[in-house]
Amino acid sequence: MHTSIRHCFSRYLFLLLAGCIAFSTHANTPAFAKPEKELMVPVEGGKVYVRLNGLAHQHAVPVIFIHGGPGGTHNGFAGMTELANERMVIMYDQLDSGKSEQPNDPANWRVERFVNAIDTIRKHLGINKWHVVGHSWGSALALEYTAKYPQHTASTVLGGTFISTPHWIMDANLLVKAAPQSVQDTLRQCESATPPAGDECNAAYTKLYSAYYTPGEASKARQDYYENVGGNGFNPVIYNAMWGPSEFSSTGVLKHYDATHLLAQIDPLKTLFMIGQYDSARIDTVQDYIALTPGAELAVVPGGAHGFYKDRPLITLAILRSWLERHDPTSK
């Protein structure tokens, strides 16, 4: 081997090995890792559960995950704890769900209160700026938060994008209309006063996404996390009161909710729309949102539906990791 070639190869091999060693010592937080720290943070109306990983990365820009619902939990994001190898990862349960207090007081069921609770968590943790990642109903809160607190937002991810009830219901109607008649009949029964027993409704909702959609298989780590996380889980009381009887019918507080006007108030270059290939947040509608946010980016998770965090966790993690790294203020 020529001396110069051998020198270049040796140098490349050294750098490769060094990179592998650095990665192996750095990557110590797996998916579904237990929290390094847990808190109950006082907000208006009660206390919310907050969990933290990546505490060692005090100089990196942290990320907060905002779950859907209303009435959902942070559990769906738990597969993203590997991001704690680069930054602090913050997950929480909104008031009235999961491991947070559940006063079930309708006076708390205001969008403004949910948004203010997010900033209360930020202040409690002493964070100046963070990445804000919302999913479904959490996207609406992420958008509202970014518009109200741009000085504290490094970037925004609007995943499984819900920011307008009229648009969501229109998309739902289109999905239902395109479904086989048997699925339509089942869905009508599922939303009636006497829904079918067992998994018949879930199977119908799955078929609604696409004839080609296949949900991901739950890993043992995910199953263990869901079984051992504790708390009260999903709260149907707040879901029904704020949204309605199902994903495809809104009769609650959010019936006329529409925050599309806020897209003009956020920085499009710091905004990512993220949906599954077979998402109930239809790509046509999300493209319309992007047209209102020129310069924003779109990520489509291949093979994923609305729950792409659990359907396709590896590609979802890769997309988020790349996005966060590119939008860290220190990287520019």
# chains A, B, ... in the order shown; residues from 1 in each chain; ligands from 1
call {"tool": "select_by_dssp", "arguments": {"residues": "region 62-227 of chain A", "states": "strand (DSSP E or B)", "output": "PyMOL selection string"}}
result
chain A and resi 63-66+89-92+130-135+153-159+164
call {"tool": "write_last_selection", "arguments": {"atoms": "N, CA, C and O atoms", "output": "PDB file, in the first residue's frame"}}
result
ATOM      1  N   VAL A  63     -35.618  19.729  25.195  1.00  0.00           N
ATOM      2  CA  VAL A  63     -36.826  19.553  24.395  1.00  0.00           C
ATOM      3  C   VAL A  63     -37.968  19.134  25.314  1.00  0.00           C
ATOM      4  O   VAL A  63     -37.771  18.308  26.209  1.00  0.00           O
ATOM      5  N   ILE A  64     -39.129  19.717  25.114  1.00  0.00           N
ATOM      6  CA  ILE A  64     -40.322  19.312  25.853  1.00  0.00           C
ATOM      7  C   ILE A  64     -41.325  18.696  24.882  1.00  0.00           C
ATOM      8  O   ILE A  64     -41.531  19.210  23.778  1.00  0.00           O
ATOM      9  N   PHE A  65     -41.925  17.583  25.292  1.00  0.00           N
ATOM     10  CA  PHE A  65     -42.932  16.888  24.497  1.00  0.00           C
ATOM     11  C   PHE A  65     -44.320  17.169  25.084  1.00  0.00           C
ATOM     12  O   PHE A  65     -44.525  17.006  26.291  1.00  0.00           O
ATOM     13  N   ILE A  66     -45.256  17.547  24.204  1.00  0.00           N
ATOM     14  CA  ILE A  66     -46.620  17.898  24.628  1.00  0.00           C
ATOM     15  C   ILE A  66     -47.584  16.889  24.018  1.00  0.00           C
ATOM     16  O   ILE A  66     -47.761  16.839  22.796  1.00  0.00           O
ATOM     17  N   VAL A  89     -34.454  15.846  28.118  1.00  0.00           N
ATOM     18  CA  VAL A  89     -35.750  15.502  27.539  1.00  0.00           C
ATOM     19  C   VAL A  89     -36.808  15.616  28.635  1.00  0.00           C
ATOM     20  O   VAL A  89     -36.700  14.966  29.681  1.00  0.00           O
ATOM     21  N   ILE A  90     -37.808  16.441  28.361  1.00  0.00           N
ATOM     22  CA  ILE A  90     -38.859  16.729  29.338  1.00  0.00           C
ATOM     23  C   ILE A  90     -40.181  16.206  28.812  1.00  0.00           C
ATOM     24  O   ILE A  90     -40.589  16.533  27.695  1.00  0.00           O
ATOM     25  N   MET A  91     -40.832  15.384  29.601  1.00  0.00           N
ATOM     26  CA  MET A  91     -42.172  14.904  29.278  1.00  0.00           C
ATOM     27  C   MET A  91     -43.063  15.172  30.478  1.00  0.00           C
ATOM     28  O   MET A  91     -42.587  15.163  31.623  1.00  0.00           O
ATOM     29  N   TYR A  92     -44.344  15.384  30.229  1.00  0.00           N
ATOM     30  CA  TYR A  92     -45.248  15.657  31.341  1.00  0.00           C
ATOM     31  C   TYR A  92     -46.650  15.198  30.989  1.00  0.00           C
ATOM     32  O   TYR A  92     -46.980  14.975  29.824  1.00  0.00           O
ATOM     33  N   TRP A 130     -36.160  26.362  24.834  1.00  0.00           N
ATOM     34  CA  TRP A 130     -36.263  24.931  24.580  1.00  0.00           C
ATOM     35  C   TRP A 130     -36.945  24.669  23.250  1.00  0.00           C
ATOM     36  O   TRP A 130     -37.571  25.544  22.664  1.00  0.00           O
ATOM     37  N   HIS A 131     -36.786  23.440  22.759  1.00  0.00           N
ATOM     38  CA  HIS A 131     -37.525  22.983  21.593  1.00  0.00           C
ATOM     39  C   HIS A 131     -38.891  22.496  22.074  1.00  0.00           C
ATOM     40  O   HIS A 131     -38.994  21.827  23.115  1.00  0.00           O
ATOM     41  N   VAL A 132     -39.925  22.806  21.311  1.00  0.00           N
ATOM     42  CA  VAL A 132     -41.292  22.459  21.697  1.00  0.00           C
ATOM     43  C   VAL A 132     -41.853  21.472  20.676  1.00  0.00           C
ATOM     44  O   VAL A 132     -41.993  21.805  19.491  1.00  0.00           O
ATOM     45  N   VAL A 133     -42.157  20.249  21.126  1.00  0.00           N
ATOM     46  CA  VAL A 133     -42.657  19.195  20.245  1.00  0.00           C
ATOM     47  C   VAL A 133     -44.063  18.808  20.690  1.00  0.00           C
ATOM     48  O   VAL A 133     -44.247  18.272  21.792  1.00  0.00           O
ATOM     49  N   GLY A 134     -45.052  19.078  19.855  1.00  0.00           N
ATOM     50  CA  GLY A 134     -46.426  18.717  20.171  1.00  0.00           C
ATOM     51  C   GLY A 134     -46.955  17.673  19.217  1.00  0.00           C
ATOM     52  O   GLY A 134     -46.506  17.578  18.068  1.00  0.00           O
ATOM     53  N   HIS A 135     -47.910  16.886  19.686  1.00  0.00           N
ATOM     54  CA  HIS A 135     -48.523  15.883  18.828  1.00  0.00           C
ATOM     55  C   HIS A 135     -50.035  15.917  18.992  1.00  0.00           C
ATOM     56  O   HIS A 135     -50.543  15.934  20.115  1.00  0.00           O
ATOM     57  N   THR A 153     -38.648  29.816  22.586  1.00  0.00           N
ATOM     58  CA  THR A 153     -38.826  28.674  21.692  1.00  0.00           C
ATOM     59  C   THR A 153     -37.706  28.604  20.660  1.00  0.00           C
ATOM     60  O   THR A 153     -37.567  29.494  19.822  1.00  0.00           O
ATOM     61  N   ALA A 154     -36.898  27.546  20.739  1.00  0.00           N
ATOM     62  CA  ALA A 154     -35.816  27.355  19.772  1.00  0.00           C
ATOM     63  C   ALA A 154     -36.354  26.824  18.447  1.00  0.00           C
ATOM     64  O   ALA A 154     -35.886  27.204  17.380  1.00  0.00           O
ATOM     65  N   SER A 155     -37.337  25.920  18.526  1.00  0.00           N
ATOM     66  CA  SER A 155     -38.003  25.399  17.337  1.00  0.00           C
ATOM     67  C   SER A 155     -39.314  24.767  17.764  1.00  0.00           C
ATOM     68  O   SER A 155     -39.542  24.502  18.952  1.00  0.00           O
ATOM     69  N   THR A 156     -40.173  24.513  16.771  1.00  0.00           N
ATOM     70  CA  THR A 156     -41.493  23.947  17.051  1.00  0.00           C
ATOM     71  C   THR A 156     -41.778  22.798  16.104  1.00  0.00           C
ATOM     72  O   THR A 156     -41.580  22.932  14.891  1.00  0.00           O
ATOM     73  N   VAL A 157     -42.260  21.680  16.648  1.00  0.00           N
ATOM     74  CA  VAL A 157     -42.668  20.538  15.844  1.00  0.00           C
ATOM     75  C   VAL A 157     -44.167  20.329  16.046  1.00  0.00           C
ATOM     76  O   VAL A 157     -44.629  20.126  17.172  1.00  0.00           O
ATOM     77  N   LEU A 158     -44.919  20.412  14.947  1.00  0.00           N
ATOM     78  CA  LEU A 158     -46.368  20.231  14.985  1.00  0.00           C
ATOM     79  C   LEU A 158     -46.670  18.861  14.386  1.00  0.00           C
ATOM     80  O   LEU A 158     -46.841  18.708  13.180  1.00  0.00           O
ATOM     81  N   GLY A 159     -46.706  17.842  15.233  1.00  0.00           N
ATOM     82  CA  GLY A 159     -46.849  16.460  14.775  1.00  0.00           C
ATOM     83  C   GLY A 159     -48.295  15.988  14.788  1.00  0.00           C
ATOM     84  O   GLY A 159     -49.075  16.375  15.659  1.00  0.00           O
ATOM     85  N   SER A 164     -56.930  22.962  14.033  1.00  0.00           N
ATOM     86  CA  SER A 164     -58.224  23.492  13.625  1.00  0.00           C
ATOM     87  C   SER A 164     -59.264  22.376  13.647  1.00  0.00           C
ATOM     88  O   SER A 164     -59.126  21.398  12.903  1.00  0.00           O
TER      89      SER A 164
END
call {"tool": "closest_atom_pairs", "arguments": {"of": "region 176-295 of chain A", "to": "region 35-59 of chain A", "cutoff": "12 Å", "atoms": "only C-alpha atoms", "output": "Markdown table"}}
result
| residue | atom | partner | partner_atom | distance |
| --- | --- | --- | --- | --- |
| A:Tyr225 | CA | A:Pro35 | CA | 11.3 |
| A:Val229 | CA | A:Pro35 | CA | 10.4 |
| A:Gly230 | CA | A:Tyr49 | CA | 11.4 |
| A:Gly231 | CA | A:Tyr49 | CA | 9.6 |
| A:Asn232 | CA | A:Tyr49 | CA | 11.7 |
call {"tool": "closest_residue", "arguments": {"among": "A:Thr285, A:Asn240, A:Asn235, A:Ser280", "to": "Lys99 (chain A)", "atoms": "only C-alpha atoms"}}
result
A:Asn235
call {"tool": "residues_around", "arguments": {"residues": "region 248-251 of chain A", "least_positions_apart": "4", "cutoff": "9 Å", "atoms": "only C-alpha atoms", "output": "VMD selection string"}}
result
chain A and resid 165 168 to 169 171 to 173 176 191 240 to 244 255 to 256
call {"tool": "residues_around", "arguments": {"residues": "Ala33 (chain A)", "least_positions_apart": "6", "cutoff": "10 Å", "atoms": "only C-alpha atoms", "output": "list in words"}}
result
Asn53, Ala78, Gly79, Met80, Thr81, Glu82, Ala84, Ala221, Arg222 and Tyr225 of chain A
call {"tool": "residues_around", "arguments": {"residues": "Glu144 (chain A)", "least_positions_apart": "3", "cutoff": "8 Å", "atoms": "only C-alpha atoms", "output": "short mmCIF file (atom, residue, chain, number, x, y, z; two decimals) with N, CA and C atoms, in the first residue's frame"}}
result
data_model
loop_
_atom_site.label_atom_id
_atom_site.label_comp_id
_atom_site.auth_asym_id
_atom_site.auth_seq_id
_atom_site.Cartn_x
_atom_site.Cartn_y
_atom_site.Cartn_z
N VAL A 115 -51.66 26.28 27.96
CA VAL A 115 -50.46 26.94 27.44
C VAL A 115 -49.64 27.53 28.57
N ALA A 140 -51.66 21.86 18.79
CA ALA A 140 -52.36 23.11 19.02
C ALA A 140 -51.71 23.87 20.17
N LEU A 141 -51.38 23.16 21.24
CA LEU A 141 -50.74 23.81 22.39
C LEU A 141 -49.33 24.29 22.03
N ALA A 147 -46.42 31.01 19.57
CA ALA A 147 -46.90 32.34 19.22
C ALA A 147 -46.85 33.28 20.43
N LYS A 148 -47.09 32.76 21.62
CA LYS A 148 -47.12 33.58 22.83
C LYS A 148 -45.73 33.79 23.42
N ALA A 259 -56.81 27.67 15.18
CA ALA A 259 -55.62 28.49 15.46
C ALA A 259 -54.77 28.70 14.22
N LEU A 262 -52.55 31.74 13.78
CA LEU A 262 -51.30 31.86 14.52
C LEU A 262 -50.08 31.45 13.69
#
call {"tool": "closest_residue", "arguments": {"among": "A:Pro313, A:Pro180, A:Pro329, A:Pro150", "to": "Asp119 (chain A)", "atoms": "only C-alpha atoms"}}
result
A:Pro150
